[in-house]
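**Q** Just my_file.cif, nothing more (mmCIF, C-alpha atoms and all ligand atoms):
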```
data_protein
#
loop_
_atom_site.label_atom_id
_atom_site.label_comp_id
_atom_site.auth_asym_id
_atom_site.auth_seq_id
_atom_site.Cartn_x
_atom_site.Cartn_y
_atom_site.Cartn_z
CA MET A 15 -18.14 -6.48 -5.40
CA ALA A 16 -15.48 -6.30 -2.73
CA THR A 17 -17.20 -7.54 0.43
CA LEU A 18 -16.27 -6.95 4.07
CA ALA A 19 -15.04 -10.57 4.23
CA ARG A 20 -12.76 -9.91 1.27
CA PHE A 21 -11.31 -6.79 2.89
CA ALA A 22 -10.63 -8.87 6.02
CA ALA A 23 -8.98 -11.54 3.82
CA TRP A 24 -6.80 -8.81 2.28
CA ILE A 25 -5.46 -7.78 5.70
CA ALA A 26 -4.88 -11.44 6.66
CA ARG A 27 -3.00 -11.95 3.38
CA LEU A 28 -0.88 -8.82 4.03
CA ASP A 29 0.05 -10.21 7.45
CA ALA A 30 1.30 -13.41 5.73
CA VAL A 31 2.96 -11.62 2.79
CA TYR A 32 4.94 -9.14 4.89
CA ALA A 33 6.02 -11.93 7.25
CA GLU A 34 7.28 -13.90 4.21
CA GLN A 35 8.90 -10.87 2.56
CA LYS A 36 10.40 -9.29 5.69
CA ASP A 37 14.02 -10.04 4.76
CA TYR A 38 13.52 -8.93 1.14
CA LEU A 39 12.15 -5.53 2.23
CA THR A 40 14.79 -5.13 4.93
CA ASP A 41 17.57 -5.90 2.43
CA LEU A 42 16.21 -3.24 0.05
CA ASP A 43 16.05 -0.75 2.92
CA ALA A 44 19.56 -1.70 4.10
CA ALA A 45 20.94 -0.61 0.71
CA ILE A 46 19.50 2.92 0.72
CA GLY A 47 17.82 3.42 4.11
CA ASP A 48 17.99 2.19 7.67
CA ALA A 49 17.16 -1.51 7.26
CA ASP A 50 13.90 -1.47 9.19
CA HIS A 51 11.22 -1.57 6.49
CA GLY A 52 10.69 -5.35 6.53
CA ILE A 53 10.34 -5.56 10.29
CA ASN A 54 8.08 -2.49 10.37
CA MET A 55 5.68 -3.84 7.74
CA ALA A 56 5.60 -7.32 9.28
CA ARG A 57 4.95 -5.93 12.75
CA GLY A 58 2.32 -3.46 11.57
CA PHE A 59 0.23 -5.87 9.51
CA ALA A 60 0.49 -8.64 12.11
CA ALA A 61 -0.96 -6.16 14.62
CA ALA A 62 -3.61 -4.94 12.15
CA HIS A 63 -4.68 -8.51 11.38
CA GLN A 64 -4.80 -9.33 15.08
CA ALA A 65 -6.90 -6.21 15.77
CA ILE A 66 -9.61 -7.08 13.25
CA VAL A 67 -9.73 -10.71 14.42
CA ALA A 68 -10.01 -9.67 18.08
CA ALA A 69 -12.76 -7.12 17.33
CA PRO A 70 -14.29 -7.82 13.91
CA PRO A 71 -15.35 -4.47 12.36
CA ALA A 72 -19.03 -4.15 11.37
CA ASP A 73 -18.40 -2.56 7.96
CA VAL A 74 -15.66 -1.81 5.42
CA GLY A 75 -15.07 1.76 6.60
CA ALA A 76 -14.64 0.59 10.21
CA LEU A 77 -12.20 -2.13 9.10
CA LEU A 78 -10.04 0.33 7.14
CA LYS A 79 -10.08 2.74 10.10
CA ALA A 80 -9.06 0.00 12.56
CA VAL A 81 -6.16 -0.96 10.28
CA ALA A 82 -5.12 2.70 9.99
CA MET A 83 -5.07 3.30 13.73
CA THR A 84 -3.14 0.08 14.36
CA LEU A 85 -0.50 0.88 11.72
CA ILE A 86 -0.03 4.43 13.01
CA ARG A 87 0.36 3.11 16.56
CA THR A 88 2.65 0.14 15.86
CA VAL A 89 4.82 0.94 12.82
CA GLY A 90 7.95 3.01 13.24
CA GLY A 91 9.79 5.04 10.65
CA ALA A 92 8.08 6.92 7.83
CA SER A 93 6.11 3.94 6.55
CA GLY A 94 3.68 3.65 9.50
CA PRO A 95 2.22 7.14 9.11
CA LEU A 96 2.21 6.80 5.30
CA TYR A 97 0.39 3.45 5.14
CA GLY A 98 -1.74 4.58 8.08
CA THR A 99 -2.75 7.63 6.06
CA PHE A 100 -3.73 5.41 3.12
CA PHE A 101 -6.19 3.41 5.24
CA LEU A 102 -7.37 6.48 7.19
CA ARG A 103 -8.25 8.37 4.00
CA ALA A 104 -9.78 5.30 2.35
CA ALA A 105 -12.06 4.53 5.35
CA PRO A 106 -14.63 7.36 5.01
CA VAL A 107 -14.65 6.96 1.21
CA ALA A 108 -15.67 3.32 1.63
CA GLY A 109 -18.08 4.24 4.43
CA ALA A 110 -20.32 2.09 6.63
CA VAL A 111 -21.06 -0.51 3.94
CA ALA A 112 -20.89 -4.32 3.71
CA GLU A 113 -19.49 -4.27 0.16
CA VAL A 114 -17.82 -1.86 -2.25
CA ASP A 115 -18.49 -1.74 -6.01
CA ALA A 116 -15.98 -0.95 -8.78
CA ALA A 117 -16.47 2.82 -8.53
CA GLY A 118 -16.04 2.62 -4.77
CA VAL A 119 -12.86 0.55 -5.06
CA GLU A 120 -11.38 3.11 -7.45
CA ALA A 121 -12.44 5.98 -5.17
CA LEU A 122 -11.03 4.49 -1.98
CA PHE A 123 -7.67 3.59 -3.51
CA ALA A 124 -7.42 7.02 -5.17
CA ALA A 125 -8.20 8.83 -1.91
CA GLY A 126 -5.73 6.73 0.05
CA ALA A 127 -2.92 7.22 -2.47
CA ALA A 128 -3.61 10.96 -2.64
CA GLY A 129 -3.28 11.07 1.15
CA ILE A 130 0.14 9.39 0.96
CA ALA A 131 1.33 11.77 -1.77
CA GLU A 132 0.18 14.76 0.25
CA ARG A 133 1.69 13.57 3.50
CA GLY A 134 5.00 12.54 1.89
CA LYS A 135 5.01 15.55 -0.48
CA ALA A 136 6.19 13.18 -3.19
CA VAL A 137 5.44 12.82 -6.89
CA VAL A 138 6.14 10.00 -9.35
CA GLY A 139 9.88 9.95 -10.12
CA ASP A 140 11.03 10.87 -6.60
CA LYS A 141 11.90 7.19 -5.95
CA THR A 142 9.33 6.60 -3.22
CA MET A 143 6.24 4.42 -2.74
CA ILE A 144 4.38 6.98 -4.87
CA ASP A 145 6.21 5.55 -7.92
CA ALA A 146 4.08 2.42 -7.37
CA TRP A 147 0.90 4.11 -6.07
CA GLY A 148 0.63 6.66 -8.90
CA PRO A 149 0.61 4.20 -11.82
CA ALA A 150 -1.56 1.76 -9.82
CA VAL A 151 -4.32 4.32 -9.27
CA GLU A 152 -4.13 5.39 -12.92
CA ALA A 153 -4.45 1.75 -14.01
CA LEU A 154 -7.45 1.23 -11.71
CA GLY A 155 -9.22 4.18 -13.32
CA ALA A 156 -8.33 3.15 -16.87
CA SER A 157 -9.52 -0.40 -16.26
CA ARG A 158 -12.83 0.74 -14.79
CA ALA A 159 -13.34 3.23 -17.66
CA ALA A 160 -12.84 0.30 -20.05
CA GLY A 161 -15.60 -1.62 -18.26
CA GLY A 162 -13.39 -3.71 -16.00
CA ALA A 163 -14.78 -5.42 -12.91
CA VAL A 164 -13.04 -5.13 -9.51
CA ALA A 165 -10.83 -8.18 -10.26
CA ASP A 166 -9.70 -6.72 -13.62
CA MET A 167 -9.05 -3.33 -12.06
CA LEU A 168 -6.92 -4.79 -9.29
CA ALA A 169 -5.01 -7.02 -11.73
CA ALA A 170 -4.15 -3.89 -13.73
CA ALA A 171 -3.24 -1.97 -10.58
CA ALA A 172 -0.99 -4.76 -9.28
CA ALA A 173 0.84 -4.97 -12.63
CA ALA A 174 1.26 -1.18 -12.77
CA ALA A 175 2.56 -1.08 -9.20
CA ALA A 176 5.11 -3.80 -9.98
CA ALA A 177 6.27 -1.88 -13.07
CA GLY A 178 6.45 1.32 -10.99
CA ARG A 179 8.52 -0.49 -8.36
CA ASP A 180 10.97 -1.73 -11.03
CA ALA A 181 11.16 1.74 -12.55
CA THR A 182 12.63 3.08 -9.27
CA LEU A 183 15.83 1.06 -9.86
CA PRO A 184 17.75 3.64 -11.97
CA LEU A 185 16.36 6.72 -10.21
CA VAL A 186 18.18 9.04 -7.83
CA ALA A 187 16.06 9.55 -4.69
CA ARG A 188 14.62 13.03 -4.20
CA LYS A 189 12.59 12.35 -1.06
CA GLY A 190 13.03 10.39 2.15
CA ARG A 191 16.13 9.03 3.81
CA ALA A 192 17.53 7.65 0.52
CA SER A 193 17.77 11.22 -0.85
CA TYR A 194 20.71 11.86 1.51
CA LEU A 195 22.68 9.33 -0.57
CA GLY A 196 22.31 11.31 -3.80
CA GLU A 197 23.84 9.44 -6.75
CA ARG A 198 24.51 6.40 -4.54
CA SER A 199 20.77 5.74 -4.36
CA ARG A 200 20.85 4.83 -8.05
CA GLY A 201 20.73 1.11 -8.89
CA HIS A 202 18.47 0.09 -6.00
CA ILE A 203 14.73 -0.64 -5.86
CA ASP A 204 12.88 1.67 -3.46
CA PRO A 205 11.67 -0.39 -0.46
CA GLY A 206 8.41 1.57 -0.13
CA ALA A 207 7.60 1.00 -3.80
CA ALA A 208 8.32 -2.70 -3.22
CA SER A 209 5.99 -2.93 -0.19
CA THR A 210 3.29 -1.06 -2.14
CA ALA A 211 3.56 -3.53 -5.03
CA LEU A 212 3.07 -6.37 -2.50
CA LEU A 213 0.03 -4.60 -1.01
CA LEU A 214 -1.61 -4.27 -4.42
CA ALA A 215 -0.74 -7.84 -5.45
CA ALA A 216 -2.45 -9.02 -2.26
CA ALA A 217 -5.45 -6.78 -3.04
CA HIS A 218 -5.71 -8.48 -6.43
CA GLU A 219 -5.55 -11.93 -4.81
CA THR A 220 -8.23 -11.20 -2.22
CA LEU A 221 -10.52 -8.26 -3.02
CA GLY A 222 -11.64 -9.08 -6.56
MG MG B 301 13.60 2.44 6.93
#
```
Re-express the file's structure as structure tokens.

**A**
Amino acid sequence: MATLARFAAWIARLDAVYAEQKDYLTDLDAAIGDADHGINMARGFAAAHQAIVAAPPADVGALLKAVAMTLIRTVGGASGPLYGTFFLRAAPVAGAVAEVDAAGVEALFAAGAAGIAERGKAVVGDKTMIDAWGPAVEALGASRAAGGAVADMLAAAAAAAAAGRDATLPLVARKGRASYLGERSRGHIDPGAASTALLLAAAHETLG
């Protein structure tokens, strides 16, 4: 079971991870974007962490909603609305509960990722964060179907997201700012896929 305390630990971990990985994400974005992804993610999750510490949400749905609203308000560029959409769509799927079971974890991640795909109008292979989200959600479902517990599911999702991130390296971008570069976007990891892989690795470390 993924408890409210574990969801709070996930957001605290994301605050630390994006602070640590700020330069890495900014360097990736500098190669094919506008060099702001690291600072945006660090700022957004610092604010989200601060928000849930200042006013601890009463249930998992409320926590996800608070994170969504904070990200949408504080993160610039495309990534704020996209990650905000993930948490906003996941919130009502989780609902006003103190803990989420394996089916609920699969459902909330699937709903959140579907929201990102819809909002970004991207599919796997476009060289966006969806290249990490798509395989991660598939892996979650496959793991649960095979009888996996939340920890197993998130381990599979984190591994799939990392593989999806690495698979963006040879691709030519078809969506987002990197698509303006055409062939020159080849040979670089997509920064959004990289931040998504970090988000799922942190979920594995904290939620299961
Ligand atoms: Mg950027």

**Q** May I ask which of the residues A:Arg191, A:Lys141, A:Arg158, A:Lys36 is the closest one to ligand MG 301 (chain B), counting only C-alpha atoms and all ligand atoms?

**A**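 Closest candidate: A:Arg191.
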
**Q** Report as a list of chain:residue names all protein, DNA and RNA residues lying within 8 Å of Ala215 (chain A), evaluated on only C-alpha atoms, omitting residues in the same chain fewer than 6 positions from it.

**A** A:Leu168, A:Ala169, A:Ala172, A:Ala173

**Q** Quick one: pull the distance between CA of Arg188 (chain A) and CA of Ala156 (chain A), Å, one decimal.

**A**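 It comes out at 28.0 Å.
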
**Q** Can you pull out the residues contacting region 113-118 of chain A? Cut-off 6 Å, using all atoms listed in the file, and skip same-chain residues under 4 positions away; I want them as a list in words.

**A**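 Counting only the stated atoms, we get Met15, Ala16, Thr17, Leu18 and Val164 of chain A.
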
**Q** Give me the residues near Pro71 (chain A) as a PyMOL selection string, where near means some atom within 10 Å (using only C-alpha atoms) and where sequence neighbours in that chain fewer than 5 positions away do not count.

**A** chain A and resi 18+22+65-66+76-80

**Q** Name the residues, using the chain letters and numbers of the file, that sit within 8 Å of (6.3, 6.7, 0.7) when counting all atoms listed in the file, and give them as a list in words.

**A**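 Output: Ala92, Ser93, Leu96, Ile130, Ala131, Gly134, Ala136, Thr142, Met143, Ile144, Gly190, Gly206 and Ala207 of chain A.
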
**Q** Which residue is closest to Ala108 (chain A)? Choose from A:Ala61, A:Ala124, A:Val89, A:Ala69 and count only C-alpha atoms.

**A**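 The shortest atom-to-atom distance to Ala108 (chain A) comes from A:Ala124.
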
**Q** Could you give me the residues within 6 Å of ligand MG 301 (chain B), counting all atoms listed in the file, as a PDB file with C-alpha atoms, in the coordinates of the input?

**A**
```pdb
ATOM      1  CA  ASP A  43      16.050  -0.750   2.920  1.00  0.00           C
ATOM      2  CA  GLY A  47      17.820   3.420   4.110  1.00  0.00           C
ATOM      3  CA  ASP A  48      17.990   2.190   7.670  1.00  0.00           C
ATOM      4  CA  ALA A  49      17.160  -1.510   7.260  1.00  0.00           C
ATOM      5  CA  ASP A  50      13.900  -1.470   9.190  1.00  0.00           C
ATOM      6  CA  HIS A  51      11.220  -1.570   6.490  1.00  0.00           C
ATOM      7  CA  GLY A  91       9.790   5.040  10.650  1.00  0.00           C
TER       8      GLY A  91
END
```

**Q** Grab the CA of Leu39 (chain A) to CA of Ile53 (chain A) distance for me, in Å with one decimal place.

**A**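 Atom-to-atom, CA of Leu39 (chain A) and CA of Ile53 (chain A) are spaced 8.3 Å apart.
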
**Q** Counting all atoms listed in the file, what is within 7 Å of Ala211 (chain A), bar same-chain residues fewer than 5 positions away, as a PyMOL selection string?

**A** chain A and resi 146+172+175-176+179

**Q** If you measure from CA of Thr210 (chain A) to CA of Ala174 (chain A), what distance in Å do you get, rounded to one decimal?

**A**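 We find that CA of Thr210 (chain A) and CA of Ala174 (chain A) lie 10.8 Å from each other.
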
**Q** Could you give me, as a ChimeraX atom specification, the residues that sit within 10 Å of (2.9, 5.7, 9.1) in the file's coordinates, counting only C-alpha atoms?

**A** /A:54,58,82-100,130,133

**Q** Which residue gives the smallest distance to Ala192 (chain A) among A:Asp204, A:Ile25, A:Leu213, A:Glu219, with only C-alpha atoms counted?

**A**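 Looking at the shortest contact to Ala192 (chain A), the residue is A:Asp204.
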
**Q** Using all atoms listed in the file, which of A:Pro106, A:Pro70, A:Gly178, A:Pro184 sits nearest Phe123 (chain A)?

**A** A:Pro106
